[in-house]
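**Student:** Sending over my_file-v4.csv (CSV, C-alpha atoms).
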```
chain,number,residue,atom,x,y,z
G,42,MET,CA,115.3,68.2,81.2
G,43,ASP,CA,114.5,67.9,84.9
G,44,THR,CA,117.7,67.4,87.0
G,45,ALA,CA,116.0,64.8,89.3
G,46,PHE,CA,115.0,62.8,86.3
G,47,VAL,CA,118.6,62.9,84.9
G,48,ALA,CA,119.9,61.8,88.3
G,49,LEU,CA,117.4,58.9,88.3
G,50,VAL,CA,118.5,57.8,84.8
G,51,VAL,CA,122.2,57.9,85.9
G,52,ILE,CA,121.4,55.8,89.0
G,53,VAL,CA,119.5,53.2,86.9
G,54,VAL,CA,122.5,52.9,84.5
G,55,VAL,CA,125.0,52.6,87.3
G,56,ALA,CA,122.8,50.0,89.0
G,57,LEU,CA,122.7,47.9,85.8
G,58,ALA,CA,126.5,48.4,85.6
G,59,PHE,CA,126.8,47.0,89.1
G,60,ASP,CA,124.5,44.1,88.1
G,61,TYR,CA,126.8,43.4,85.1
G,62,THR,CA,129.9,43.4,87.4
G,63,ASN,CA,128.0,41.2,89.8
G,64,GLY,CA,127.5,38.7,86.9
G,65,PHE,CA,131.2,38.4,85.9
G,66,HIS,CA,132.4,38.7,89.5
G,67,ASP,CA,130.1,35.9,90.7
G,68,ALA,CA,129.9,33.8,87.5
G,69,ALA,CA,132.5,31.5,89.1
G,70,ASN,CA,130.1,30.5,91.9
G,71,ALA,CA,127.9,28.7,89.5
G,72,ILE,CA,130.4,27.1,87.1
G,73,ALA,CA,133.9,27.0,88.5
G,74,VAL,CA,133.4,23.5,90.0
G,75,ALA,CA,132.0,22.0,86.8
G,76,VAL,CA,134.8,23.5,84.8
G,77,SER,CA,137.5,22.3,87.2
G,78,THR,CA,136.2,18.7,87.1
G,79,LYS,CA,135.9,19.0,83.2
G,80,ALA,CA,132.2,18.4,83.3
G,81,LEU,CA,131.8,21.5,81.1
G,82,THR,CA,134.0,23.7,79.0
G,83,PRO,CA,134.3,27.3,80.3
G,84,ARG,CA,132.3,28.9,77.5
G,85,ILE,CA,129.5,26.3,77.6
G,86,ALA,CA,129.4,26.6,81.4
G,87,LEU,CA,129.2,30.4,81.1
G,88,ALA,CA,126.4,30.2,78.5
G,89,LEU,CA,124.4,27.8,80.7
G,90,ALA,CA,125.0,30.0,83.8
G,91,ALA,CA,123.8,33.1,81.8
G,92,VAL,CA,120.6,31.5,80.7
G,93,MET,CA,119.7,30.1,84.1
G,94,ASN,CA,120.6,33.4,85.8
G,95,LEU,CA,118.0,35.0,83.6
G,96,VAL,CA,115.4,32.4,84.5
G,97,GLY,CA,116.1,32.7,88.2
G,98,ALA,CA,115.9,36.5,88.1
G,99,LEU,CA,112.4,36.3,86.6
G,100,LEU,CA,111.0,34.0,89.2
G,101,SER,CA,110.7,36.2,92.3
G,102,THR,CA,111.1,39.7,93.7
G,103,GLU,CA,111.0,39.0,97.5
G,104,VAL,CA,114.7,39.5,98.0
G,105,ALA,CA,114.5,42.7,96.0
G,106,LYS,CA,111.9,44.1,98.4
G,107,THR,CA,114.1,43.1,101.4
G,108,VAL,CA,117.2,44.9,100.0
G,109,GLY,CA,115.3,48.0,98.8
G,110,ALA,CA,113.1,48.6,101.9
G,111,GLY,CA,114.5,46.4,104.7
G,112,ILE,CA,118.1,47.8,105.2
G,113,ILE,CA,117.6,51.6,105.3
G,114,ASP,CA,114.4,53.7,105.4
G,115,PRO,CA,113.5,54.6,101.9
G,116,PRO,CA,114.8,58.2,101.5
G,117,GLU,CA,113.0,61.0,99.7
G,118,GLY,CA,114.0,63.6,97.1
G,119,GLY,CA,117.4,64.4,95.7
G,120,GLY,CA,119.3,63.6,98.8
G,121,GLY,CA,117.9,60.1,98.7
G,122,LEU,CA,119.1,59.7,95.2
G,123,GLU,CA,122.6,60.7,96.3
G,124,ILE,CA,122.5,57.9,98.9
G,125,VAL,CA,121.5,55.3,96.4
G,126,PHE,CA,124.1,56.5,93.9
G,127,ALA,CA,126.9,56.5,96.5
G,128,ALA,CA,125.9,53.0,97.7
G,129,LEU,CA,126.3,51.7,94.1
G,130,ILE,CA,129.7,53.4,93.7
G,131,GLY,CA,130.9,51.7,96.9
G,132,ALA,CA,129.7,48.3,95.9
G,133,ILE,CA,131.1,48.5,92.3
G,134,THR,CA,134.5,49.8,93.6
G,135,TRP,CA,134.8,46.9,96.1
G,136,ASN,CA,133.7,44.4,93.4
G,137,MET,CA,136.4,45.6,91.0
G,138,ILE,CA,139.1,45.5,93.7
G,139,THR,CA,138.3,41.9,94.8
G,140,TRP,CA,137.9,40.9,91.2
G,141,TYR,CA,141.4,42.2,90.4
G,142,PHE,CA,143.0,40.2,93.2
G,143,GLY,CA,140.9,37.1,92.4
G,144,LEU,CA,139.1,37.1,95.7
G,145,PRO,CA,135.5,35.7,95.7
G,146,SER,CA,134.0,38.3,98.0
G,147,SER,CA,130.3,39.0,98.3
G,148,SER,CA,128.7,41.4,95.9
G,149,SER,CA,125.6,41.2,98.0
G,150,HIS,CA,127.4,42.4,101.1
G,151,ALA,CA,129.2,45.0,99.1
G,152,LEU,CA,125.9,46.5,98.1
G,153,ILE,CA,124.4,46.3,101.5
G,154,GLY,CA,127.6,47.8,103.1
G,155,GLY,CA,127.4,50.6,100.5
G,156,LEU,CA,123.7,51.3,101.5
G,157,VAL,CA,124.6,51.5,105.2
G,158,GLY,CA,127.8,53.5,104.6
G,159,ALA,CA,126.0,56.1,102.4
G,160,ALA,CA,123.1,56.3,104.8
G,161,LEU,CA,125.3,56.9,107.8
G,162,ALA,CA,127.3,59.6,105.9
G,163,ALA,CA,124.0,61.3,105.1
G,164,ALA,CA,122.8,61.0,108.7
G,165,HIS,CA,119.9,58.9,107.3
G,166,THR,CA,118.1,56.2,109.3
G,167,VAL,CA,119.5,52.7,109.1
G,168,GLN,CA,117.2,49.8,110.0
G,169,TRP,CA,119.7,48.1,112.3
G,170,GLY,CA,117.2,45.4,113.2
G,171,GLY,CA,116.9,44.6,109.5
G,172,VAL,CA,120.7,44.6,109.1
G,173,LEU,CA,121.0,42.1,112.0
G,174,ASP,CA,118.1,39.8,111.0
G,175,LYS,CA,118.5,39.9,107.3
G,176,VAL,CA,122.2,40.4,106.8
G,177,VAL,CA,124.5,39.6,109.7
G,178,ILE,CA,122.8,36.5,111.0
G,179,PRO,CA,122.4,34.9,107.5
G,180,MET,CA,126.0,36.0,106.8
G,181,VAL,CA,127.2,33.9,109.7
G,182,LEU,CA,124.8,31.0,109.5
G,183,SER,CA,124.7,30.3,105.7
G,184,PRO,CA,128.4,29.5,105.4
G,185,LEU,CA,128.2,27.2,108.4
G,186,VAL,CA,125.1,25.5,106.9
G,187,GLY,CA,127.0,25.2,103.5
G,188,PHE,CA,130.0,23.6,105.2
G,189,GLY,CA,128.0,21.2,107.3
G,190,LEU,CA,125.7,20.0,104.6
G,191,GLY,CA,128.5,19.8,102.1
G,192,TYR,CA,130.4,17.5,104.5
G,193,LEU,CA,127.4,15.3,105.3
G,194,PHE,CA,126.1,15.1,101.7
G,195,MET,CA,129.5,14.0,100.4
G,196,LEU,CA,129.7,11.4,103.1
G,197,LEU,CA,126.3,10.1,101.9
G,198,ILE,CA,127.5,9.9,98.3
G,199,LEU,CA,130.8,8.1,99.3
G,200,TRP,CA,128.8,5.5,101.3
G,201,THR,CA,126.1,5.1,98.6
G,202,PHE,CA,128.7,4.6,95.8
G,203,ARG,CA,131.3,2.8,97.8
G,204,SER,CA,131.2,-0.3,95.6
G,205,ALA,CA,130.7,1.5,92.3
G,206,ASN,CA,133.1,1.4,89.4
G,207,VAL,CA,135.1,4.6,89.8
G,208,THR,CA,135.4,5.5,86.1
G,209,ARG,CA,131.7,4.9,85.4
G,210,ALA,CA,130.7,6.8,88.6
G,211,ASN,CA,132.8,9.8,87.6
G,212,ARG,CA,131.3,9.9,84.1
G,213,GLY,CA,127.8,9.8,85.7
G,214,PHE,CA,128.6,12.6,88.1
G,215,ARG,CA,130.0,14.8,85.3
G,216,TYR,CA,126.6,14.5,83.6
G,217,ALA,CA,124.9,15.2,86.9
G,218,GLN,CA,127.0,18.3,87.3
G,219,ILE,CA,125.3,19.9,84.3
G,220,ALA,CA,122.1,19.8,86.2
G,221,SER,CA,123.7,21.0,89.4
G,222,SER,CA,125.5,23.9,87.6
G,223,ALA,CA,122.1,25.0,86.1
G,224,THR,CA,120.5,24.9,89.5
G,225,MET,CA,123.4,26.9,91.0
G,226,ALA,CA,122.9,29.6,88.3
G,227,LEU,CA,119.2,29.6,88.9
G,228,GLY,CA,119.8,30.2,92.6
G,229,HIS,CA,122.3,33.0,91.7
G,230,GLY,CA,119.6,34.7,89.6
G,231,LEU,CA,117.1,34.3,92.4
G,232,GLN,CA,119.5,36.0,94.8
G,233,ASP,CA,121.9,38.4,93.2
G,234,ALA,CA,119.8,39.9,90.3
G,235,GLN,CA,117.1,40.8,92.8
G,236,LYS,CA,119.5,43.0,94.8
G,237,THR,CA,119.9,45.3,91.8
G,238,MET,CA,116.1,45.2,91.3
G,239,GLY,CA,115.7,46.4,94.9
G,240,ILE,CA,118.2,49.2,94.4
G,241,ILE,CA,116.5,50.5,91.2
G,242,THR,CA,113.1,50.2,92.8
G,243,LEU,CA,114.4,52.1,95.8
G,244,ALA,CA,115.6,54.9,93.5
G,245,LEU,CA,112.2,55.0,91.6
G,246,PHE,CA,110.3,55.2,94.9
G,247,THR,CA,112.7,57.9,96.2
G,248,ALA,CA,112.2,60.0,93.1
G,249,GLY,CA,108.4,59.6,93.3
G,250,GLU,CA,108.1,57.6,90.1
G,251,ILE,CA,106.2,54.8,91.8
G,252,ASP,CA,103.9,55.0,94.8
G,253,THR,CA,104.3,51.6,96.3
G,254,PHE,CA,107.4,49.4,96.7
G,255,GLU,CA,106.6,46.9,94.0
G,256,VAL,CA,109.3,46.0,91.4
G,257,PRO,CA,108.2,47.1,87.9
G,258,LEU,CA,108.4,44.5,85.1
G,259,TRP,CA,110.9,46.5,83.1
G,260,VAL,CA,113.2,46.6,86.1
G,261,VAL,CA,113.0,42.8,86.5
G,262,LEU,CA,113.8,42.3,82.8
G,263,ALA,CA,116.7,44.9,82.8
G,264,ALA,CA,118.3,43.5,85.9
G,265,ALA,CA,118.0,39.9,84.6
G,266,LEU,CA,119.5,40.7,81.2
G,267,ALA,CA,122.4,42.7,82.8
G,268,ILE,CA,123.5,40.0,85.2
G,269,SER,CA,123.2,37.4,82.4
G,270,ALA,CA,125.3,39.5,80.1
G,271,GLY,CA,127.9,39.9,82.9
G,272,THR,CA,127.9,36.2,83.6
G,273,TYR,CA,128.6,35.4,80.0
G,274,ALA,CA,131.5,37.9,80.0
G,275,GLY,CA,133.2,35.6,82.4
G,276,GLY,CA,135.1,35.7,85.6
G,277,PHE,CA,138.2,33.5,85.0
G,278,ARG,CA,140.3,35.0,87.8
G,279,ILE,CA,137.8,34.1,90.5
G,280,MET,CA,136.9,30.8,88.7
G,281,ARG,CA,140.5,29.7,89.2
G,282,THR,CA,140.3,30.4,92.9
G,283,MET,CA,137.0,28.7,93.4
G,284,GLY,CA,137.6,25.7,91.2
G,285,ARG,CA,141.2,24.8,91.9
G,286,ARG,CA,143.0,26.8,94.6
G,287,ILE,CA,140.7,25.9,97.5
G,288,ILE,CA,140.7,22.1,96.7
G,289,GLN,CA,140.8,20.0,93.5
G,290,LEU,CA,137.4,18.3,93.5
G,291,THR,CA,136.3,15.0,92.0
G,292,PRO,CA,133.2,15.0,89.8
G,293,ALA,CA,131.2,13.5,92.8
G,294,GLY,CA,132.6,16.2,95.1
G,295,GLY,CA,131.7,18.9,92.5
G,296,PHE,CA,128.2,17.6,92.3
G,297,ALA,CA,127.8,17.5,96.1
G,298,ALA,CA,129.1,21.0,96.6
G,299,GLN,CA,126.9,22.5,93.9
G,300,THR,CA,123.8,20.6,95.0
G,301,VAL,CA,124.2,21.8,98.6
G,302,ALA,CA,125.0,25.4,97.6
G,303,SER,CA,122.1,25.7,95.2
G,304,GLY,CA,119.7,24.2,97.7
G,305,VAL,CA,120.7,26.8,100.4
G,306,MET,CA,120.4,29.7,97.9
G,307,VAL,CA,117.0,28.7,96.5
G,308,THR,CA,115.6,28.1,100.0
G,309,THR,CA,116.9,31.4,101.5
G,310,ALA,CA,115.5,33.3,98.5
G,311,THR,CA,112.1,31.7,98.2
G,312,VAL,CA,111.3,30.7,101.8
G,313,PHE,CA,113.0,33.3,104.0
G,314,ALA,CA,113.5,36.2,101.4
G,315,VAL,CA,116.9,37.1,102.8
G,316,PRO,CA,119.9,38.2,100.7
G,317,VAL,CA,122.6,35.7,101.4
G,318,SER,CA,126.0,35.6,99.7
G,319,THR,CA,126.2,33.1,96.9
G,320,THR,CA,130.0,33.3,97.2
G,321,HIS,CA,130.1,32.4,100.9
G,322,ILE,CA,127.8,29.5,100.5
G,323,THR,CA,129.5,28.1,97.4
G,324,THR,CA,133.0,28.4,99.0
G,325,THR,CA,132.1,26.8,102.3
G,326,SER,CA,130.2,24.0,100.5
G,327,ILE,CA,133.4,23.2,98.6
G,328,MET,CA,135.4,23.3,101.8
G,329,GLY,CA,132.9,20.9,103.5
G,330,VAL,CA,133.1,18.5,100.7
G,331,GLY,CA,136.9,18.6,100.6
G,332,SER,CA,137.1,18.0,104.4
G,333,THR,CA,135.6,14.5,103.9
G,334,ARG,CA,139.0,13.4,102.5
G,335,ARG,CA,141.0,14.9,105.4
G,336,LEU,CA,141.2,18.4,106.8
G,337,SER,CA,144.6,19.0,105.3
G,338,ALA,CA,143.2,18.4,101.8
G,339,VAL,CA,141.7,21.9,101.9
G,340,ARG,CA,144.1,24.7,101.3
G,341,TRP,CA,143.2,26.6,104.4
G,342,GLY,CA,145.6,29.5,103.6
G,343,VAL,CA,143.6,30.4,100.5
G,344,ALA,CA,140.4,29.9,102.5
G,345,GLY,CA,141.7,32.2,105.1
G,346,ASN,CA,142.3,35.0,102.6
G,347,ILE,CA,138.8,34.5,101.3
G,348,VAL,CA,137.4,34.8,104.9
G,349,VAL,CA,139.3,38.0,105.4
G,350,ALA,CA,137.7,39.4,102.2
G,351,TRP,CA,134.3,38.4,103.6
G,352,VAL,CA,134.9,40.2,106.9
G,353,VAL,CA,136.2,43.4,105.3
G,354,THR,CA,133.6,43.7,102.6
G,355,LEU,CA,130.8,45.4,104.6
G,356,PRO,CA,132.9,48.1,106.2
G,357,ALA,CA,135.1,48.6,103.1
G,358,ALA,CA,132.2,49.0,100.7
G,359,GLY,CA,130.5,51.2,103.4
G,360,ALA,CA,133.6,53.4,103.7
G,361,VAL,CA,133.9,53.9,99.9
G,362,ALA,CA,130.1,54.6,99.7
G,363,ALA,CA,130.4,57.2,102.5
G,364,LEU,CA,133.2,59.0,100.7
G,365,ALA,CA,131.3,58.8,97.5
G,366,TYR,CA,128.2,60.4,99.2
G,367,LEU,CA,130.3,63.2,100.7
G,368,VAL,CA,131.9,64.0,97.3
G,369,THR,CA,128.6,63.8,95.5
G,370,HIS,CA,126.8,65.9,98.0
G,371,LEU,CA,129.6,68.5,97.8
G,372,VAL,CA,129.4,68.6,94.0
G,373,VAL,CA,125.6,68.6,93.8
G,374,GLY,CA,125.1,70.9,96.8
```
Could you rewrite the structure in this file as structure tokens?
**Tutor:**
Amino acid sequence: MDTAFVALVVIVVVALAFDYTNGFHDAANAIAVAVSTKALTPRIALALAAVMNLVGALLSTEVAKTVGAGIIDPPEGGGGLEIVFAALIGAITWNMITWYFGLPSSSSHALIGGLVGAALAAAHTVQWGGVLDKVVIPMVLSPLVGFGLGYLFMLLILWTFRSANVTRANRGFRYAQIASSATMALGHGLQDAQKTMGIITLALFTAGEIDTFEVPLWVVLAAALAISAGTYAGGFRIMRTMGRRIIQLTPAGGFAAQTVASGVMVTTATVFAVPVSTTHITTTSIMGVGSTRRLSAVRWGVAGNIVVAWVVTLPAAGAVAALAYLVTHLVVG
């Protein structure tokens, strides 16, 4: 069997493994709030998130094209496959480290950091303009938008329901959280599943299996199923951090945070086609909602640890990917 074809198959399998880890690593983004407010049980929430992740992954491929062709120049030949493989190793390694410590870091930025790190190690061209416009600027702006809109939307809810019966209102918001959780998972599928689609398509293009950078249907289906399976496998360590350790939300607060986060995710995927971090947006939306009580209501120490993980993700995943490239190139070469 052709060596290049075997390498391509290995990369596709590793990419789907990354997609799976992305599912259980980021499952908390969609459902932690609903579980913490007792709107949904963990298993029902995970099943809902898995189904809606699948639906979201099937709706668009624009973010996939951005990740696959807008971060580094599509490489050619066996050396190009080594870059893609190393990028995946870097992303998966960082995902597993942050999952172990219960830190909701960004799988998206781990993958992009892996691409950049592997490309630099291979002396391959990085599209720094694309990294700035499609990664760094959205990485900074999207959490700020999530925090600000979360704060304002929660104020609006508090004012609108200021005279409502608390028990009845909480019951209503728990029902509303089922819809907001579903929308969150839809946005997660629109964003995170597409990043794996982009990587697999990049590998296919590099190997000469496709002539244009269009995502094949089988790639869409495989990535959608992998992230859904990973989501259903759970992510209880990170769910605990997202749902309780940052701030204990009310049902109204949970609904507000999820509605804002899902709105930002869907808009960035469909309108701007940029790969934003679902983790960043969800966390800052929760913090914005919590700040409407008082700033001290948010556990800023926990939030600070999360921010550190965000900042470190790109270079850490890039460093692991660079090392993986050098080892792979040494073994293959």
**Student:** Mind dumping a table of every range 297-323 of chain G residue within 7 Å of range 187-203 of chain G, with the nearest atom pair and its distance in Å to one decimal, using only C-alpha atoms, sorted by chain and rising number, as a tab-separated table?
**Tutor:**
```
residue	atom	partner	partner_atom	distance
G:Ala297	CA	G:Met195	CA	5.8
G:Ala298	CA	G:Gly191	CA	5.7
G:Val301	CA	G:Gly191	CA	5.9
G:Ala302	CA	G:Gly187	CA	6.2
G:Ile322	CA	G:Gly187	CA	5.3
```
**Student:** Could those selected residues go to a file with C-alpha atoms, as an mmCIF file, in the frame of the given file?
**Tutor:**
```cif
data_model
loop_
_atom_site.group_PDB
_atom_site.id
_atom_site.type_symbol
_atom_site.label_atom_id
_atom_site.label_comp_id
_atom_site.auth_asym_id
_atom_site.auth_seq_id
_atom_site.Cartn_x
_atom_site.Cartn_y
_atom_site.Cartn_z
ATOM 1 C CA ALA G 297 127.800 17.500 96.100
ATOM 2 C CA ALA G 298 129.100 21.000 96.600
ATOM 3 C CA VAL G 301 124.200 21.800 98.600
ATOM 4 C CA ALA G 302 125.000 25.400 97.600
ATOM 5 C CA ILE G 322 127.800 29.500 100.500
#
```
**Student:** Quick check, in Å to one decimal: how far apart do CA of Asp60 in chain G and CA of Phe126 in chain G lie?
**Tutor:**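 Those two atoms sit 13.7 Å apart.
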**Student:** Return the single residue from G:Arg335, G:Lys106, G:His370, G:Lys175 that is closest to Leu243 in chain G, with distances computed using all atoms listed in the file.
**Tutor:**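 Closest candidate: G:Lys106.
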**Student:** Between CA of Gly121 in chain G and CA of Thr247 in chain G, what distance in Å does the model show, to one decimal?
**Tutor:** 6.2 Å
**Student:** Identify which of the residues G:Ile138, G:Leu245, G:Ala363, G:Ala91 lies closest to Ala48 in chain G, counting all atoms listed in the file when measuring atom-to-atom distances.
**Tutor:**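 Answer, going by the shortest atom-to-atom distance: G:Leu245.
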**Student:** Compile the contact shell of Gly154 in chain G as JSON, numbers by chain: residues with an atom at most 12 Å away, counting all atoms listed in the file, same-chain residues fewer than 2 positions apart removed.
**Tutor:** {"G": [108, 112, 113, 125, 127, 128, 129, 130, 131, 132, 133, 134, 135, 136, 147, 148, 149, 150, 151, 152, 156, 157, 158, 159, 160, 161, 167, 172, 176, 177, 351, 352, 353, 354, 355, 356, 357, 358, 359, 360, 361, 362, 363]}
**Student:** CA of Leu99 in chain G and CA of Leu258 in chain G, how far apart in Å?
**Tutor:**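 That distance, rounded to one decimal, is 9.2 Å.
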**Student:** Calculated over all atoms listed in the file, which of the candidates G:Leu266, G:Val368, G:Val305, G:Ala293 has the smallest distance to Leu95 in chain G?
**Tutor:**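 Among the listed residues, G:Leu266 lies closest to Leu95 in chain G.
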**Student:** Give me, as a list in words, all polymer residues having an atom no more than 12 Å from Val54 in chain G, counting only C-alpha atoms and skipping those fewer than 4 positions away in the same chain.
**Tutor:**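 The neighbour list is Val47, Ala48, Leu49, Val50, Ala58, Phe59, Asp60, Tyr61, Phe126, Leu129, Ile130, Thr237, Ile240, Ile241, Ala244, Val260, Ala263, Ala264 and Ala267 of chain G.
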**Student:** Restricting it to C-alpha atoms, dump the selection as a JSON list (two decimals), in the coordinates of the input.
**Tutor:**
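Final output, out-v8.json:
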```
[["chain", "number", "residue", "atom", "x", "y", "z"],
["G", 47, "VAL", "CA", 118.60, 62.90, 84.90],
["G", 48, "ALA", "CA", 119.90, 61.80, 88.30],
["G", 49, "LEU", "CA", 117.40, 58.90, 88.30],
["G", 50, "VAL", "CA", 118.50, 57.80, 84.80],
["G", 58, "ALA", "CA", 126.50, 48.40, 85.60],
["G", 59, "PHE", "CA", 126.80, 47.00, 89.10],
["G", 60, "ASP", "CA", 124.50, 44.10, 88.10],
["G", 61, "TYR", "CA", 126.80, 43.40, 85.10],
["G", 126, "PHE", "CA", 124.10, 56.50, 93.90],
["G", 129, "LEU", "CA", 126.30, 51.70, 94.10],
["G", 130, "ILE", "CA", 129.70, 53.40, 93.70],
["G", 237, "THR", "CA", 119.90, 45.30, 91.80],
["G", 240, "ILE", "CA", 118.20, 49.20, 94.40],
["G", 241, "ILE", "CA", 116.50, 50.50, 91.20],
["G", 244, "ALA", "CA", 115.60, 54.90, 93.50],
["G", 260, "VAL", "CA", 113.20, 46.60, 86.10],
["G", 263, "ALA", "CA", 116.70, 44.90, 82.80],
["G", 264, "ALA", "CA", 118.30, 43.50, 85.90],
["G", 267, "ALA", "CA", 122.40, 42.70, 82.80]]
```
**Student:** Which residues come within 12 Å of Ala220 in chain G, counting all atoms listed in the file, excluding same-chain residues fewer than 5 positions away, as number ranges by chain?
**Tutor:** G: 71-72, 75, 80-81, 86, 89-90, 93, 213-215, 225-227, 295-297, 299-300, 303
**Student:** Kindly indicate which residue among G:Ala163, G:Ala223, G:Val51, G:Val317 lies nearest to Ile178 in chain G, using all atoms listed in the file for the distances.
**Tutor:**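 The shortest atom-to-atom distance to Ile178 in chain G comes from G:Val317.
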**Student:** Pick out the residues sitting within 8 Å of Arg212 in chain G, and hand them over as a PyMOL selection string; count all atoms listed in the file, and ignore anything fewer than 4 positions along from it in its own chain.
**Tutor:** chain G and resi 208+216+292
**Student:** Write a file of the just-selected residues containing C-alpha atoms, as an mmCIF file, in the frame of the given file.
**Tutor:**
```cif
data_model
loop_
_atom_site.group_PDB
_atom_site.id
_atom_site.type_symbol
_atom_site.label_atom_id
_atom_site.label_comp_id
_atom_site.auth_asym_id
_atom_site.auth_seq_id
_atom_site.Cartn_x
_atom_site.Cartn_y
_atom_site.Cartn_z
ATOM 1 C CA THR G 208 135.400 5.500 86.100
ATOM 2 C CA TYR G 216 126.600 14.500 83.600
ATOM 3 C CA PRO G 292 133.200 15.000 89.800
#
```
**Student:** For each of G:Gly109, G:Gln232, G:Ala73, G:Ala248, take the minimum atom-to-atom distance to Ile52 in chain G, counting all atoms listed in the file, then give the residue where this is smallest.
**Tutor:** G:Ala248
